[in-house]
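Participant: Take a look at the following structure, please.
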There are 6 protein chains.
Amino acid sequence: MNVVYRNIRRAERSVVDGFGPLGVATVHEAQGRTGLMAPTIRPIYPGARIVGTAVTASVAPCDNWMIHVAVEQCQAGDVLVVAPTSYSDAGYFGELLACSLQSRGVRGLVIDAGARDIRDLKEIGFPVWSKAVFAQGTVKETVGSVNVPVVCAGALVRPGDVIVADDDGVCVVPRRDAASVLAASQAREAKEAKVRERLKAGELGLDIYDMREKLASRGLVYRDQPPED
Amino acid sequence: MNVVYRNIRRAERSVVDGFGPLGVATVHEAQGRTGLMAPTIRPIYPGARIVGTAVTASVAPCDNWMIHVAVEQCQAGDVLVVAPTSYSDAGYFGELLACSLQSRGVRGLVIDAGARDIRDLKEIGFPVWSKAVFAQGTVKETVGSVNVPVVCAGALVRPGDVIVADDDGVCVVPRRDAASVLAASQAREAKEAKVRERLKAGELGLDIYDMREKLASRGLVYRDQPPED
Amino acid sequence: MNVVYRNIRRAERSVVDGFGPLGVATVHEAQGRTGLMAPTIRPIYPGARIVGTAVTASVAPCDNWMIHVAVEQCQAGDVLVVAPTSYSDAGYFGELLACSLQSRGVRGLVIDAGARDIRDLKEIGFPVWSKAVFAQGTVKETVGSVNVPVVCAGALVRPGDVIVADDDGVCVVPRRDAASVLAASQAREAKEAKVRERLKAGELGLDIYDMREKLASRGLVYRDQPPED
Amino acid sequence: MNVVYRNIRRAERSVVDGFGPLGVATVHEAQGRTGLMAPTIRPIYPGARIVGTAVTASVAPCDNWMIHVAVEQCQAGDVLVVAPTSYSDAGYFGELLACSLQSRGVRGLVIDAGARDIRDLKEIGFPVWSKAVFAQGTVKETVGSVNVPVVCAGALVRPGDVIVADDDGVCVVPRRDAASVLAASQAREAKEAKVRERLKAGELGLDIYDMREKLASRGLVYRDQPPED
Amino acid sequence: MNVVYRNIRRAERSVVDGFGPLGVATVHEAQGRTGLMAPTIRPIYPGARIVGTAVTASVAPCDNWMIHVAVEQCQAGDVLVVAPTSYSDAGYFGELLACSLQSRGVRGLVIDAGARDIRDLKEIGFPVWSKAVFAQGTVKETVGSVNVPVVCAGALVRPGDVIVADDDGVCVVPRRDAASVLAASQAREAKEAKVRERLKAGELGLDIYDMREKLASRGLVYRDQPPED
Amino acid sequence: MNVVYRNIRRAERSVVDGFGPLGVATVHEAQGRTGLMAPTIRPIYPGARIVGTAVTASVAPCDNWMIHVAVEQCQAGDVLVVAPTSYSDAGYFGELLACSLQSRGVRGLVIDAGARDIRDLKEIGFPVWSKAVFAQGTVKETVGSVNVPVVCAGALVRPGDVIVADDDGVCVVPRRDAASVLAASQAREAKEAKVRERLKAGELGLDIYDMREKLASRGLVYRDQPPED
């Protein structure tokens, strides 16, 4: 029942890296507002942004044994995604494990639990998105699984899926949809660039998106503020 | 029932800008410890501080349509205050809307919900105080109201009120009380400057505020620590 | 019943300062994963790290009177630890009190409640670990105690204990155990330095810690990912 | 600044009591989905339902002095509404105060804080809606105000407003709107009675509310489940 | 993109009903501690327990339109499982919808959001497991999907899966595993019956489960309490 | 480091049982508002009330092994108090362990984590105060300690202390103070009985407690409500 899957299929590298300049909000919108992790998952320091392919670990609460197992399954360009089977804010992950992942070219960690050694992680530039910062240690007693589908902060993640993470949070793009979501994201970005120029020039969204009639038809009325009450 | 009020009365500009150098804590104290939003409202990046006049929007949960409507009612020196009618941490607001508000001279946003495009907002220097950072998108289906009184994070905000926001949070000063609260805030600031010098010089608050007798009368006693237990 | 204990026994200065280069996670591990405050306690700005001896204050909810009393009991090298007797996120502590503590050589504050004047505290370099940032003021009506044992964010703190605080949170080392915990922490640090080099060189934790056999005995199996589903 | 208003105007008794058989959900819908307190406010025991006129108390955190003051302003048919000026889950209210209110004909308490003596309150049949059950005591040190407008669990309550409370929570109806909201609530109730019969008979909401066309126009499609994956 | 799947495959009725006398804790253990929803999901009244086959609805936040659509896909023995695409505690579900589901033989509702009309739902005996009780209404503006896989309170639910719910919470058994999990659950139940008798007779778990040696080998020592400190 | 203390000193039985008719709120007040656990600890079913002597267990997160160890140290009249060393809401405790404790005359359980088999526990009449109801299982991998001092929901509990628990929550009375706190509690109860009669007769707390002058001196003023605004 506790299995480590090796040799997973990963989303194609060129597609994955195409997400590099795109933000989480854009990608999430472009795939129909799906795939977003809950807002409880936050970066441990501001400014980081990564894209990569998911290696997943299903771990016991307050037990980080399987992270050591998962490291071996990671390769350059991956992002490790860790989901406990029960609520935990323990500090599963610190600077030593980060050194290990960094030496393999892993781009970051997403964990629905706690991280620690925050100062060191920032110093060595290994970005982490976590639910908590907590120095509380973990044990190495219970086995779990690697590269099985996991639910992480409310989002379903399968091994090989694309992970996009920045200051807004973390979005998952299913491996098979990666190319089409990339195209949709780029199209959205291009469209927004044009709207941005018009907004900066002082045009109103009400006019750009042609909303006035629809608003009126839904019953919105305009009045001057009543005299001093 | 869904109304946009135009031409609201705003607190006087010179008074509003007088709050510029004052902190949220000072203003909140000076108006009798009222007007403060709940501590769930936090700046999306540190260091920002603004003062301005409130334009209010009452919006449906997970629906940012009325923000587009509210933009048109904003003018230079305003702060947009957005309150959903039911709990929401969705990402109502991102960089495009910020460009639109910035082009009108709006100084910032306060929202009892989520914001997104955090990295971009910081880059263009548009400060936001929000309950969450969340890339989850919103719809444009349900109308609400603009420039009605709203309860935002537990504080009552009326259009035209003064908004003071910094790293400590957000404080609302009623439009009609603005001048008197400004005077009281400045007086408090002046008084604190004197106390600060004495404290830095090593005097104790116990003596400066003459607390020793009152403490004793309330039953406080001093003892040496008992021998090693 | 409300007492201020003077002349408390403090952990020895040379031992306390020995914790300076060590992180909270290391110290917490070295004393058997005990003494850690809950992850609700966070630094008000990133990057600070302090060690010091605890002066404790047990305070009424939303009442900061006893902090003024506690200041007098503080000396250079202390850290003030404040625990309300009931839940409070009020802003007990701001820049004026920080000036007072700083003039006495106090290294920081840990409080299971709120702090305010965040911007100023960062500017003057007085670090605070708190449960909330909140400008809401407090009163001075109810006496409490100073230098009694307190439970702060789930951790028992006695006067004179060692406080270690950094970006990971806050750890308490009992005064009597300080020397032995310091030795254990330094030993752990030395050991980790060696492991770090091996991990950076690409060795796996699985091998360094000799985990493979134990994992297999607990039932972990390896498989190739099944053909495309 | 701290005032007790006597002789408040109350919603008309016959109108208030007309809300008796109506549920919170119905009334909230009938007044345009406004006036509802946050779902953090829950009854301390199931099954109670009351309507009454609000006497309001703005109280200091963890200080129940003003409840004693408010009792005197209560009369038969009132509901006492208590809102602390800062977060508190302390036990402001217990069986003794309930005896006092009951002797005056007060119908219940709504408090955005804690209550205690739950077992006794249930026994004597005095219903309370609160944020917490907590035995933690309060002090009597700081004055507040009675019969001023308060924000309680996110809802604005003015003295004399109608309070409707049941297992679903608490809804506030502004005094001036009471008659029209009562009429709208009764109309809604009558309409729902008819729909209820049709639904019980097996008709679908899809047909009763004529939704199929609108759903299709918004892009909803029907498919048979794909063959076994 | 928004689809309603009809004619889903359901777990076999006789297997489903076999779970009837088993508790959530037993089933969850018997399938390897998987499938449990988060403890935020609670029954709206105590004492209910149901088993059934899942019909799933993915709904917009604060929008219950798709519940009306889902009703039509439900048949006798089903349990409706509703998951918003973003956080919501709005009251999606009340007594009218319950009447509709009850007329079709549906056994209950599981929703990662709010329910209302609690008193009525208890009276008509329609059990609901929800994240909140909240009278706040919803809109009917945005379409979603029915009978797609959903993540509900952290658990993955596919249409046709077995839902077991009681006072402990909600557990999901994948359709294909239903028969084997039932057998494992019944075996566990039988085994526990024997242990229960021994424990009632005063035997210790330490002896029944033969733990003493393993405890000693992990370093547990026994001592008499030290003399009075 | 992991120790089980046998033969602990317990508070005297006659004193412990003297607390039987007293409520948690009364006892907490009588010992100076100390000893109360946080309001996150709630009874799993209403109406239970117990008093007893504490046997304490310090347990690993999501690991209930030490509860089996603790059972052996329990005797008639005890209450088992369980505190995880890190946050956990896992279901450490169910009906089988309750049978074991009940066979030894143990009166109940207090746990700063989750319990399960709620329906069964209610049926056999074994009361539990817990932070969560959650069927999630635990492991038996890590040893802890029995009858060491623990912090449970913010309260310090030493073995042999008196535990008082009812619908209001849980209060701890230190063993050595038990007799004096009992006397103070009974005195308080007697005094309240007299006040209760006067309140029922319609006298006001304002007069019974002689508050009017103090209120006026603190600046409270009375006014009639202003004319219709």
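Letters A, B, ... mark the chains of the structure tokens in the order given; residue numbers begin at 1 per chain; ligand numbers begin at 1, in order shown.
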Pick out the residues sitting within 6 Å of range 76-86 of chain D, and hand them over as a list in words; count only C-alpha atoms, and ignore anything fewer than 2 positions along from it in its own chain.
Facilitator: Gly52, Thr53, Ala54, Val55, Thr56, Ala57, Ser58, Val59, Ala60, Pro61, Arg104, Gly105, Val106, Arg107, Gly108, Leu109, Val110, Ile111, Asp112 and Cys152 of chain D
Participant: Which is closest to Arg198 in chain B among C:Cys99, C:Val148, C:Ala216, C:Ala38, if we use only C-alpha atoms?
Facilitator: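 Closest residue, counting only C-alpha atoms: C:Cys99.
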Participant: Given only C-alpha atoms, how would the per-residue table for chain D near chain F read, listing every residue at most 6 Å away with its closest atom pair and distance in Å to one decimal, sorted by chain and number, as CSV?
Facilitator:
residue,atom,partner,partner_atom,distance
D:Asn2,CA,F:Leu220,CA,5.3
D:Val3,CA,F:Val221,CA,5.0
D:Val4,CA,F:Tyr222,CA,4.7
D:Tyr5,CA,F:Arg223,CA,5.0
D:Arg6,CA,F:Asp224,CA,4.8
D:Asn7,CA,F:Asp224,CA,5.9
D:Ile8,CA,F:Gln225,CA,5.6
D:His68,CA,F:Gly205,CA,5.9
D:Leu96,CA,F:Arg196,CA,6.0
D:Cys99,CA,F:Lys200,CA,5.6
D:Ser100,CA,F:Leu199,CA,4.8
D:Ser103,CA,F:Lys200,CA,5.4
D:Arg116,CA,F:Asp168,CA,5.8
D:Phe134,CA,F:Pro39,CA,5.3
D:Ala135,CA,F:Ala25,CA,4.8
Participant: Go ahead and save the picked residues with N, CA and C atoms, as a PDB file, in the first residue's frame.
Facilitator:
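Once everything was written out, this is part_32.pdb:
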ATOM      1  N   ASN D   2     -18.754  58.640  27.258  1.00  0.00           N
ATOM      2  CA  ASN D   2     -19.418  57.384  27.631  1.00  0.00           C
ATOM      3  C   ASN D   2     -20.794  57.711  28.153  1.00  0.00           C
ATOM      4  N   VAL D   3     -21.781  57.310  27.393  1.00  0.00           N
ATOM      5  CA  VAL D   3     -23.155  57.754  27.637  1.00  0.00           C
ATOM      6  C   VAL D   3     -24.087  56.558  27.744  1.00  0.00           C
ATOM      7  N   VAL D   4     -25.074  56.683  28.592  1.00  0.00           N
ATOM      8  CA  VAL D   4     -26.195  55.741  28.621  1.00  0.00           C
ATOM      9  C   VAL D   4     -27.422  56.480  28.114  1.00  0.00           C
ATOM     10  N   TYR D   5     -27.974  56.027  27.000  1.00  0.00           N
ATOM     11  CA  TYR D   5     -29.199  56.655  26.513  1.00  0.00           C
ATOM     12  C   TYR D   5     -30.411  55.941  27.106  1.00  0.00           C
ATOM     13  N   ARG D   6     -31.277  56.731  27.732  1.00  0.00           N
ATOM     14  CA  ARG D   6     -32.519  56.204  28.298  1.00  0.00           C
ATOM     15  C   ARG D   6     -33.665  56.455  27.336  1.00  0.00           C
ATOM     16  N   ASN D   7     -34.762  55.789  27.559  1.00  0.00           N
ATOM     17  CA  ASN D   7     -35.996  56.084  26.816  1.00  0.00           C
ATOM     18  C   ASN D   7     -35.788  56.020  25.305  1.00  0.00           C
ATOM     19  N   ILE D   8     -35.173  54.939  24.868  1.00  0.00           N
ATOM     20  CA  ILE D   8     -34.967  54.794  23.423  1.00  0.00           C
ATOM     21  C   ILE D   8     -36.308  54.502  22.745  1.00  0.00           C
ATOM     22  N   HIS D  68     -24.117  45.405  33.639  1.00  0.00           N
ATOM     23  CA  HIS D  68     -24.922  45.767  34.805  1.00  0.00           C
ATOM     24  C   HIS D  68     -25.665  47.076  34.566  1.00  0.00           C
ATOM     25  N   LEU D  96     -26.232  34.574  36.930  1.00  0.00           N
ATOM     26  CA  LEU D  96     -26.747  35.638  37.799  1.00  0.00           C
ATOM     27  C   LEU D  96     -27.312  36.792  36.981  1.00  0.00           C
ATOM     28  N   CYS D  99     -30.622  35.833  35.541  1.00  0.00           N
ATOM     29  CA  CYS D  99     -31.729  35.965  36.489  1.00  0.00           C
ATOM     30  C   CYS D  99     -32.230  37.400  36.520  1.00  0.00           C
ATOM     31  N   SER D 100     -31.281  38.333  36.535  1.00  0.00           N
ATOM     32  CA  SER D 100     -31.628  39.746  36.592  1.00  0.00           C
ATOM     33  C   SER D 100     -32.419  40.156  35.343  1.00  0.00           C
ATOM     34  N   SER D 103     -35.931  38.619  35.233  1.00  0.00           N
ATOM     35  CA  SER D 103     -36.904  39.246  36.136  1.00  0.00           C
ATOM     36  C   SER D 103     -37.507  40.503  35.509  1.00  0.00           C
ATOM     37  N   ARG D 116     -20.915  32.002  30.064  1.00  0.00           N
ATOM     38  CA  ARG D 116     -20.600  30.872  30.929  1.00  0.00           C
ATOM     39  C   ARG D 116     -21.818  30.474  31.760  1.00  0.00           C
ATOM     40  N   PHE D 134     -16.983  30.223  27.557  1.00  0.00           N
ATOM     41  CA  PHE D 134     -15.687  30.348  28.222  1.00  0.00           C
ATOM     42  C   PHE D 134     -15.943  30.837  29.646  1.00  0.00           C
ATOM     43  N   ALA D 135     -15.410  30.107  30.618  1.00  0.00           N
ATOM     44  CA  ALA D 135     -15.648  30.464  32.012  1.00  0.00           C
ATOM     45  C   ALA D 135     -14.775  31.624  32.472  1.00  0.00           C
TER      46      ALA D 135
END
Participant: So how many Å separate CA of Val15 in chain E and CA of Ser130 in chain E, to one decimal?
Facilitator: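 Taking CA of Val15 in chain E as the start and CA of Ser130 in chain E as the end point, the length is 25.6 Å.
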Participant: Just the strand (DSSP E) stuff from range 84-145 of chain A, please, per backbone DSSP, written as a JSON list (two decimals) with all heavy atoms, in the first residue's frame.
Facilitator:
[["chain", "number", "residue", "atom", "x", "y", "z"],
["A", 84, "PRO", "N", 0.59, 16.16, 4.14],
["A", 84, "PRO", "CA", 0.37, 15.23, 5.25],
["A", 84, "PRO", "C", -1.01, 14.59, 5.13],
["A", 84, "PRO", "O", -1.95, 15.21, 4.61],
["A", 84, "PRO", "CB", 0.45, 16.12, 6.49],
["A", 84, "PRO", "CG", 1.03, 17.40, 6.05],
["A", 84, "PRO", "CD", 0.70, 17.54, 4.59],
["A", 91, "GLY", "N", 7.42, 21.42, 11.63],
["A", 91, "GLY", "CA", 8.47, 21.86, 10.73],
["A", 91, "GLY", "C", 9.13, 20.69, 10.02],
["A", 91, "GLY", "O", 10.22, 20.25, 10.41],
["A", 92, "TYR", "N", 8.51, 20.21, 8.95],
["A", 92, "TYR", "CA", 9.00, 19.05, 8.21],
["A", 92, "TYR", "C", 10.30, 19.32, 7.48],
["A", 92, "TYR", "O", 10.99, 18.37, 7.11],
["A", 92, "TYR", "CB", 7.99, 18.66, 7.12],
["A", 92, "TYR", "CG", 6.80, 17.88, 7.54],
["A", 92, "TYR", "CD1", 5.74, 18.48, 8.23],
["A", 92, "TYR", "CD2", 6.68, 16.53, 7.24],
["A", 92, "TYR", "CE1", 4.62, 17.76, 8.59],
["A", 92, "TYR", "CE2", 5.56, 15.80, 7.60],
["A", 92, "TYR", "CZ", 4.54, 16.41, 8.27],
["A", 92, "TYR", "OH", 3.43, 15.70, 8.63],
["A", 93, "PHE", "N", 10.59, 20.57, 7.19],
["A", 93, "PHE", "CA", 11.59, 20.86, 6.18],
["A", 93, "PHE", "C", 12.46, 22.01, 6.62],
["A", 93, "PHE", "O", 11.96, 23.07, 7.02],
["A", 93, "PHE", "CB", 10.87, 21.22, 4.88],
["A", 93, "PHE", "CG", 11.79, 21.39, 3.70],
["A", 93, "PHE", "CD1", 12.10, 20.29, 2.89],
["A", 93, "PHE", "CD2", 12.35, 22.62, 3.39],
["A", 93, "PHE", "CE1", 12.94, 20.43, 1.79],
["A", 93, "PHE", "CE2", 13.20, 22.76, 2.29],
["A", 93, "PHE", "CZ", 13.48, 21.67, 1.50],
["A", 108, "GLY", "N", 12.11, 24.22, -5.79],
["A", 108, "GLY", "CA", 11.42, 24.73, -4.61],
["A", 108, "GLY", "C", 10.56, 23.65, -3.99],
["A", 108, "GLY", "O", 10.49, 22.52, -4.48],
["A", 109, "LEU", "N", 9.90, 24.02, -2.89],
["A", 109, "LEU", "CA", 9.06, 23.10, -2.14],
["A", 109, "LEU", "C", 7.70, 23.74, -1.89],
["A", 109, "LEU", "O", 7.60, 24.92, -1.58],
["A", 109, "LEU", "CB", 9.70, 22.79, -0.78],
["A", 109, "LEU", "CG", 8.84, 22.00, 0.21],
["A", 109, "LEU", "CD1", 8.90, 20.51, -0.11],
["A", 109, "LEU", "CD2", 9.28, 22.25, 1.64],
["A", 110, "VAL", "N", 6.65, 22.92, -2.01],
["A", 110, "VAL", "CA", 5.30, 23.33, -1.60],
["A", 110, "VAL", "C", 4.84, 22.32, -0.56],
["A", 110, "VAL", "O", 4.87, 21.11, -0.83],
["A", 110, "VAL", "CB", 4.34, 23.33, -2.80],
["A", 110, "VAL", "CG1", 2.92, 23.67, -2.35],
["A", 110, "VAL", "CG2", 4.82, 24.29, -3.88],
["A", 111, "ILE", "N", 4.44, 22.79, 0.62],
["A", 111, "ILE", "CA", 4.09, 21.86, 1.69],
["A", 111, "ILE", "C", 2.89, 22.37, 2.48],
["A", 111, "ILE", "O", 2.88, 23.53, 2.90],
["A", 111, "ILE", "CB", 5.31, 21.61, 2.62],
["A", 111, "ILE", "CG1", 4.96, 20.60, 3.71],
["A", 111, "ILE", "CG2", 5.85, 22.89, 3.22],
["A", 111, "ILE", "CD1", 6.16, 20.04, 4.46],
["A", 112, "ASP", "N", 1.91, 21.50, 2.67],
["A", 112, "ASP", "CA", 0.72, 21.87, 3.43],
["A", 112, "ASP", "C", 0.97, 21.59, 4.92],
["A", 112, "ASP", "O", 0.22, 20.87, 5.58],
["A", 112, "ASP", "CB", -0.51, 21.09, 2.91],
["A", 112, "ASP", "CG", -1.81, 21.73, 3.39],
["A", 112, "ASP", "OD1", -1.75, 22.80, 4.00],
["A", 112, "ASP", "OD2", -2.87, 21.14, 3.14],
["A", 113, "ALA", "N", 2.06, 22.16, 5.42],
["A", 113, "ALA", "CA", 2.49, 21.98, 6.81],
["A", 113, "ALA", "C", 3.54, 23.06, 7.09],
["A", 113, "ALA", "O", 3.54, 24.09, 6.40],
["A", 113, "ALA", "CB", 3.07, 20.58, 7.00],
["A", 114, "GLY", "N", 4.43, 22.83, 8.05],
["A", 114, "GLY", "CA", 5.37, 23.87, 8.42],
["A", 114, "GLY", "C", 6.76, 23.69, 7.85],
["A", 114, "GLY", "O", 7.17, 22.58, 7.48],
["A", 115, "ALA", "N", 7.50, 24.79, 7.77],
["A", 115, "ALA", "CA", 8.92, 24.77, 7.39],
["A", 115, "ALA", "C", 9.71, 25.50, 8.48],
["A", 115, "ALA", "O", 9.16, 26.24, 9.27],
["A", 115, "ALA", "CB", 9.11, 25.45, 6.04],
["A", 128, "VAL", "N", 10.23, 28.29, -0.53],
["A", 128, "VAL", "CA", 9.27, 27.35, 0.03],
["A", 128, "VAL", "C", 7.92, 28.04, 0.17],
["A", 128, "VAL", "O", 7.86, 29.20, 0.58],
["A", 128, "VAL", "CB", 9.75, 26.86, 1.43],
["A", 128, "VAL", "CG1", 8.67, 26.02, 2.12],
["A", 128, "VAL", "CG2", 11.05, 26.09, 1.32],
["A", 129, "TRP", "N", 6.85, 27.34, -0.19],
["A", 129, "TRP", "CA", 5.50, 27.78, 0.07],
["A", 129, "TRP", "C", 4.93, 26.82, 1.10],
["A", 129, "TRP", "O", 4.89, 25.60, 0.86],
["A", 129, "TRP", "CB", 4.66, 27.76, -1.21],
["A", 129, "TRP", "CG", 4.97, 28.90, -2.14],
["A", 129, "TRP", "CD1", 4.21, 30.01, -2.35],
["A", 129, "TRP", "CD2", 6.11, 29.05, -3.00],
["A", 129, "TRP", "NE1", 4.80, 30.85, -3.27],
["A", 129, "TRP", "CE2", 5.97, 30.28, -3.67],
["A", 129, "TRP", "CE3", 7.27, 28.29, -3.25],
["A", 129, "TRP", "CZ2", 6.92, 30.76, -4.59],
["A", 129, "TRP", "CZ3", 8.21, 28.75, -4.16],
["A", 129, "TRP", "CH2", 8.02, 29.97, -4.82],
["A", 130, "SER", "N", 4.51, 27.36, 2.24],
["A", 130, "SER", "CA", 4.06, 26.50, 3.33],
["A", 130, "SER", "C", 2.86, 27.09, 4.06],
["A", 130, "SER", "O", 2.52, 28.25, 3.87],
["A", 130, "SER", "CB", 5.19, 26.28, 4.34],
["A", 130, "SER", "OG", 5.41, 27.47, 5.07],
["A", 131, "LYS", "N", 2.25, 26.28, 4.92],
["A", 131, "LYS", "CA", 1.11, 26.72, 5.72],
["A", 131, "LYS", "C", 1.58, 27.41, 6.98],
["A", 131, "LYS", "O", 0.84, 28.19, 7.58],
["A", 131, "LYS", "CB", 0.27, 25.50, 6.08],
["A", 131, "LYS", "CG", -1.00, 25.83, 6.82],
["A", 131, "LYS", "CD", -1.88, 24.61, 6.98],
["A", 131, "LYS", "CE", -1.22, 23.57, 7.87],
["A", 131, "LYS", "NZ", -2.05, 22.37, 8.01],
["A", 132, "ALA", "N", 2.80, 27.10, 7.42],
["A", 132, "ALA", "CA", 3.27, 27.65, 8.68],
["A", 132, "ALA", "C", 4.78, 27.71, 8.68],
["A", 132, "ALA", "O", 5.45, 27.01, 7.92],
["A", 132, "ALA", "CB", 2.80, 26.77, 9.85],
["A", 133, "VAL", "N", 5.30, 28.59, 9.54],
["A", 133, "VAL", "CA", 6.72, 28.56, 9.88],
["A", 133, "VAL", "C", 6.77, 28.07, 11.32],
["A", 133, "VAL", "O", 6.16, 28.66, 12.20],
["A", 133, "VAL", "CB", 7.34, 29.97, 9.77],
["A", 133, "VAL", "CG1", 8.75, 29.97, 10.34],
["A", 133, "VAL", "CG2", 7.33, 30.43, 8.33],
["A", 145, "SER", "N", 3.89, 7.50, 0.86],
["A", 145, "SER", "CA", 4.07, 7.18, -0.55],
["A", 145, "SER", "C", 4.67, 8.35, -1.30],
["A", 145, "SER", "O", 4.54, 9.50, -0.88],
["A", 145, "SER", "CB", 2.72, 6.81, -1.18],
["A", 145, "SER", "OG", 2.24, 5.60, -0.63]]
Participant: Among the residues of range 4-104 of chain C, find those DSSP assigns to helix (DSSP H, G or I) from the backbone and print them as a PyMOL selection string.
Facilitator: chain C and resi 13-18+24-30+65-73+95-103
Participant: In Å, how far is it from CA of Glu72 in chain F to CA of Val146 in chain F?
Facilitator: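 Taking CA of Glu72 in chain F as the start and CA of Val146 in chain F as the end point, the length is 10.2 Å.
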Participant: Provide the CA of Val181 in chain A to CA of Leu22 in chain A distance in Å, to one decimal place.
Facilitator: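 Separation between CA of Val181 in chain A and CA of Leu22 in chain A: 11.4 Å.
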